[in-house]
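Coordinates as given in final-v3.csv (CSV, C-alpha atoms):
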chain,number,residue,atom,x,y,z
A,1,MET,CA,22.4,-10.9,4.6
A,2,LYS,CA,20.9,-9.3,1.6
A,3,ASP,CA,18.2,-12.0,1.4
A,4,ARG,CA,17.2,-11.3,5.0
A,5,ASN,CA,17.0,-7.5,4.4
A,6,ASN,CA,15.0,-8.1,1.2
A,7,LYS,CA,12.4,-10.3,3.1
A,8,ALA,CA,12.2,-7.7,5.9
A,9,GLU,CA,11.6,-5.0,3.3
A,10,ILE,CA,8.8,-7.0,1.6
A,11,LEU,CA,7.1,-7.7,5.0
A,12,ARG,CA,7.4,-4.0,5.9
A,13,GLY,CA,5.7,-3.1,2.6
A,14,LEU,CA,3.0,-5.7,3.0
A,15,SER,CA,2.2,-4.4,6.5
A,16,MET,CA,2.0,-0.9,5.3
A,17,LEU,CA,-0.3,-1.9,2.5
A,18,THR,CA,-2.5,-3.8,4.9
A,19,GLN,CA,-2.6,-0.9,7.3
A,20,LEU,CA,-3.6,1.5,4.5
A,21,GLY,CA,-6.4,-0.8,3.3
A,22,MET,CA,-7.8,-1.1,6.8
A,23,SER,CA,-7.5,2.6,7.6
A,24,ILE,CA,-9.5,3.4,4.4
A,25,ALA,CA,-12.1,0.7,4.6
A,26,VAL,CA,-13.0,0.5,8.3
A,27,PRO,CA,-14.1,4.1,9.1
A,28,PRO,CA,-17.0,4.2,6.6
A,29,ILE,CA,-18.2,0.8,7.6
A,30,LEU,CA,-18.2,1.6,11.3
A,31,CYS,CA,-19.9,5.0,10.7
A,32,ILE,CA,-22.7,3.2,8.7
A,33,PHE,CA,-23.2,0.8,11.6
A,34,PHE,CA,-23.2,3.6,14.1
A,35,GLY,CA,-25.7,5.5,11.9
A,36,LEU,CA,-28.0,2.5,11.7
A,37,TRP,CA,-27.8,2.1,15.5
A,38,LEU,CA,-28.6,5.7,16.0
A,39,GLN,CA,-31.5,5.5,13.5
A,40,ARG,CA,-33.0,2.6,15.3
A,41,LYS,CA,-32.4,3.9,18.8
A,42,PHE,CA,-33.9,7.4,18.2
A,43,SER,CA,-36.2,6.7,15.2
A,44,LEU,CA,-34.4,9.2,13.0
A,45,GLY,CA,-34.6,9.5,9.2
A,46,ASP,CA,-32.5,7.9,6.5
A,47,TRP,CA,-30.5,11.2,6.2
A,48,LEU,CA,-28.5,10.1,9.3
A,49,ILE,CA,-26.9,7.2,7.4
A,50,LEU,CA,-25.9,9.5,4.6
A,51,VAL,CA,-24.3,11.9,7.1
A,52,CYS,CA,-22.5,9.1,8.8
A,53,LEU,CA,-21.2,7.8,5.5
A,54,VAL,CA,-19.8,11.2,4.6
A,55,VAL,CA,-18.1,11.4,8.0
A,56,GLY,CA,-16.6,8.0,7.4
A,57,PHE,CA,-15.3,9.0,4.0
A,58,ILE,CA,-13.8,12.2,5.4
A,59,SER,CA,-12.1,10.1,8.1
A,60,SER,CA,-10.7,7.7,5.5
A,61,GLY,CA,-9.3,10.7,3.6
A,62,CYS,CA,-7.6,12.0,6.7
A,63,SER,CA,-6.2,8.6,7.4
A,64,PHE,CA,-4.9,8.3,3.8
A,65,ALA,CA,-3.3,11.8,4.0
A,66,SER,CA,-1.6,10.9,7.3
A,67,PHE,CA,-0.4,7.6,5.8
A,68,LEU,CA,1.1,9.5,2.8
A,69,ARG,CA,2.9,12.0,5.0
A,70,THR,CA,4.4,9.2,7.1
A,71,ALA,CA,5.4,7.2,4.1
A,72,ARG,CA,7.1,10.3,2.5
A,73,TYR,CA,8.9,11.1,5.8
A,74,LYS,CA,10.2,7.5,6.0
A,75,ALA,CA,11.3,7.5,2.4
A,76,LYS,CA,13.1,10.8,2.8
A,77,LYS,CA,14.8,9.5,6.0
A,78,GLU,CA,15.9,6.3,4.3
A,79,GLU,CA,17.3,8.2,1.3
A,80,GLN,CA,19.3,10.4,3.7
A,81,ASN,CA,20.6,7.3,5.5
A,82,ARG,CA,21.6,5.8,2.1
A,83,GLU,CA,23.5,8.9,1.1
A,84,THR,CA,25.2,9.0,4.5
A,85,ARG,CA,26.3,5.4,4.1
A,86,GLN,CA,27.6,6.1,0.6
A,87,ASP,CA,29.7,9.0,1.8
A,88,ARG,CA,31.6,6.8,4.2
File written out as structure tokens:
Amino acid sequence: MKDRNNKAEILRGLSMLTQLGMSIAVPPILCIFFGLWLQRKFSLGDWLILVCLVVGFISSGCSFASFLRTARYKAKKEEQNRETRQDR
């Protein structure tokens, strides 16, 4: 039973790590492509790509902060559950 719980914990950790990587990497990339598309469509200057890149990095930062809040909440909840089980 412990082996199964350990594997589940490892898979949960890997999925969270993958989610974090994707939520940090994808927004700047999408914003750059969106900026390039806007630049070609409306014949705008190179400044637009820089603005879109900054927006992408801000979005990545917000995603990272949200991920940390969620991870802290889950860790706190697990700790409370462990303490409750030990009290029994």
Margin query: I need the residue nearest A:Ile32 from this list: A:Thr18, A:Leu53, A:Ala8, A:Gly13. Use all atoms listed in the file for the distance.
Written below: A:Leu53
Margin query: What's around A:Gly35 at 6 Å? Count only C-alpha atoms, leave out sequence neighbours fewer than 6 positions away in its own chain, and write the answer as a PyMOL selection string.
Written below: chain A and resi 48-49+52
Note to self: Between atom CA of A:Gly21 and atom CA of A:Gly61, what distance in Å does the model show, to one decimal?
What the structure shows: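 Separation between atom CA of A:Gly21 and atom CA of A:Gly61: 11.9 Å.
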Next item on the list: Rank A:Leu50, A:Trp37, A:Phe42, A:Ser60 by their smallest atom-to-atom distance to A:Ala25, using all atoms listed in the file, and report the top residue only.
Entry: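 Among the listed residues, A:Ser60 lies closest to A:Ala25.
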Check: Looking at A:Gln80, A:Val51, A:Leu20, A:Phe33, which one is nearest to A:Ala65, with distances taken over all atoms listed in the file?
Finding: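 Closest candidate: A:Leu20.
If you look at atom CA of A:Arg72 and atom CA of A:Met16, they are 12.6 Å away from each other.
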Notebook entry, point to check: Using only C-alpha atoms, which residue out of A:Asn5, A:Asn81, A:Ser23, A:Ser15 lies closest to A:Phe64?
Noted result: A:Ser23
Notebook entry, point to check: What is the distance between atom CA of A:Pro28 and atom CA of A:Leu68, in Å to one decimal?
Noted result: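 It comes out at 19.2 Å.
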Next item on the list: Find, counting all atoms listed in the file, the residue in A:Phe57, A:Arg69, A:Glu79, A:Asp87 that gets nearest to A:Val26.
Entry: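 Selected residue with least distance to A:Val26: A:Phe57.
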Please output stretch 44-75 of chain A, rebuilt to include N, CA and C atoms, as a short mmCIF file (atom, residue, chain, number, x, y, z; two decimals), keeping the file's coordinate frame.
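The resulting rebuild-v9.cif:
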data_model
loop_
_atom_site.label_atom_id
_atom_site.label_comp_id
_atom_site.auth_asym_id
_atom_site.auth_seq_id
_atom_site.Cartn_x
_atom_site.Cartn_y
_atom_site.Cartn_z
N LEU A 44 -34.72 8.10 13.90
CA LEU A 44 -34.40 9.20 13.00
C LEU A 44 -34.51 8.79 11.57
N GLY A 45 -34.44 9.74 10.65
CA GLY A 45 -34.60 9.50 9.20
C GLY A 45 -33.41 8.83 8.57
N ASP A 46 -33.58 8.56 7.28
CA ASP A 46 -32.50 7.90 6.50
C ASP A 46 -31.35 8.90 6.24
N TRP A 47 -31.58 10.17 6.43
CA TRP A 47 -30.50 11.20 6.20
C TRP A 47 -29.32 10.92 7.12
N LEU A 48 -29.57 10.34 8.28
CA LEU A 48 -28.50 10.10 9.30
C LEU A 48 -27.44 9.17 8.71
N ILE A 49 -27.87 8.14 8.00
CA ILE A 49 -26.90 7.20 7.40
C ILE A 49 -26.04 7.86 6.41
N LEU A 50 -26.62 8.73 5.60
CA LEU A 50 -25.90 9.50 4.60
C LEU A 50 -24.82 10.38 5.27
N VAL A 51 -25.24 11.06 6.32
CA VAL A 51 -24.30 11.90 7.10
C VAL A 51 -23.17 11.10 7.65
N CYS A 52 -23.50 9.98 8.24
CA CYS A 52 -22.50 9.10 8.80
C CYS A 52 -21.52 8.57 7.75
N LEU A 53 -22.06 8.26 6.58
CA LEU A 53 -21.20 7.80 5.50
C LEU A 53 -20.24 8.86 5.05
N VAL A 54 -20.71 10.08 4.94
CA VAL A 54 -19.80 11.20 4.60
C VAL A 54 -18.74 11.39 5.63
N VAL A 55 -19.12 11.31 6.89
CA VAL A 55 -18.10 11.40 8.00
C VAL A 55 -17.10 10.30 7.87
N GLY A 56 -17.55 9.10 7.55
CA GLY A 56 -16.60 8.00 7.40
C GLY A 56 -15.66 8.18 6.24
N PHE A 57 -16.16 8.72 5.11
CA PHE A 57 -15.30 9.00 4.00
C PHE A 57 -14.27 10.11 4.29
N ILE A 58 -14.70 11.11 5.02
CA ILE A 58 -13.80 12.20 5.40
C ILE A 58 -12.70 11.61 6.34
N SER A 59 -13.10 10.75 7.25
CA SER A 59 -12.10 10.10 8.10
C SER A 59 -11.14 9.24 7.36
N SER A 60 -11.64 8.53 6.35
CA SER A 60 -10.70 7.70 5.50
C SER A 60 -9.76 8.61 4.75
N GLY A 61 -10.23 9.75 4.26
CA GLY A 61 -9.30 10.70 3.60
C GLY A 61 -8.26 11.23 4.47
N CYS A 62 -8.64 11.55 5.70
CA CYS A 62 -7.60 12.00 6.70
C CYS A 62 -6.62 10.95 6.99
N SER A 63 -7.08 9.72 7.13
CA SER A 63 -6.20 8.60 7.40
C SER A 63 -5.21 8.39 6.22
N PHE A 64 -5.73 8.51 5.01
CA PHE A 64 -4.90 8.30 3.80
C PHE A 64 -3.86 9.45 3.72
N ALA A 65 -4.26 10.68 4.01
CA ALA A 65 -3.30 11.80 4.00
C ALA A 65 -2.22 11.61 5.03
N SER A 66 -2.60 11.17 6.20
CA SER A 66 -1.60 10.90 7.30
C SER A 66 -0.67 9.80 6.87
N PHE A 67 -1.20 8.75 6.25
CA PHE A 67 -0.40 7.60 5.80
C PHE A 67 0.65 8.13 4.75
N LEU A 68 0.20 8.98 3.81
CA LEU A 68 1.10 9.50 2.80
C LEU A 68 2.21 10.35 3.40
N ARG A 69 1.85 11.19 4.37
CA ARG A 69 2.90 12.00 5.00
C ARG A 69 3.90 11.16 5.72
N THR A 70 3.44 10.13 6.42
CA THR A 70 4.40 9.20 7.10
C THR A 70 5.24 8.47 6.14
N ALA A 71 4.66 7.99 5.06
CA ALA A 71 5.40 7.20 4.10
C ALA A 71 6.48 8.15 3.40
N ARG A 72 6.12 9.38 3.09
CA ARG A 72 7.10 10.30 2.50
C ARG A 72 8.22 10.61 3.47
N TYR A 73 7.88 10.79 4.75
CA TYR A 73 8.90 11.10 5.80
C TYR A 73 9.86 9.90 5.89
N LYS A 74 9.32 8.69 5.93
CA LYS A 74 10.20 7.50 6.00
C LYS A 74 11.06 7.33 4.81
N ALA A 75 10.50 7.58 3.63
CA ALA A 75 11.30 7.50 2.40
C ALA A 75 12.41 8.49 2.37
#
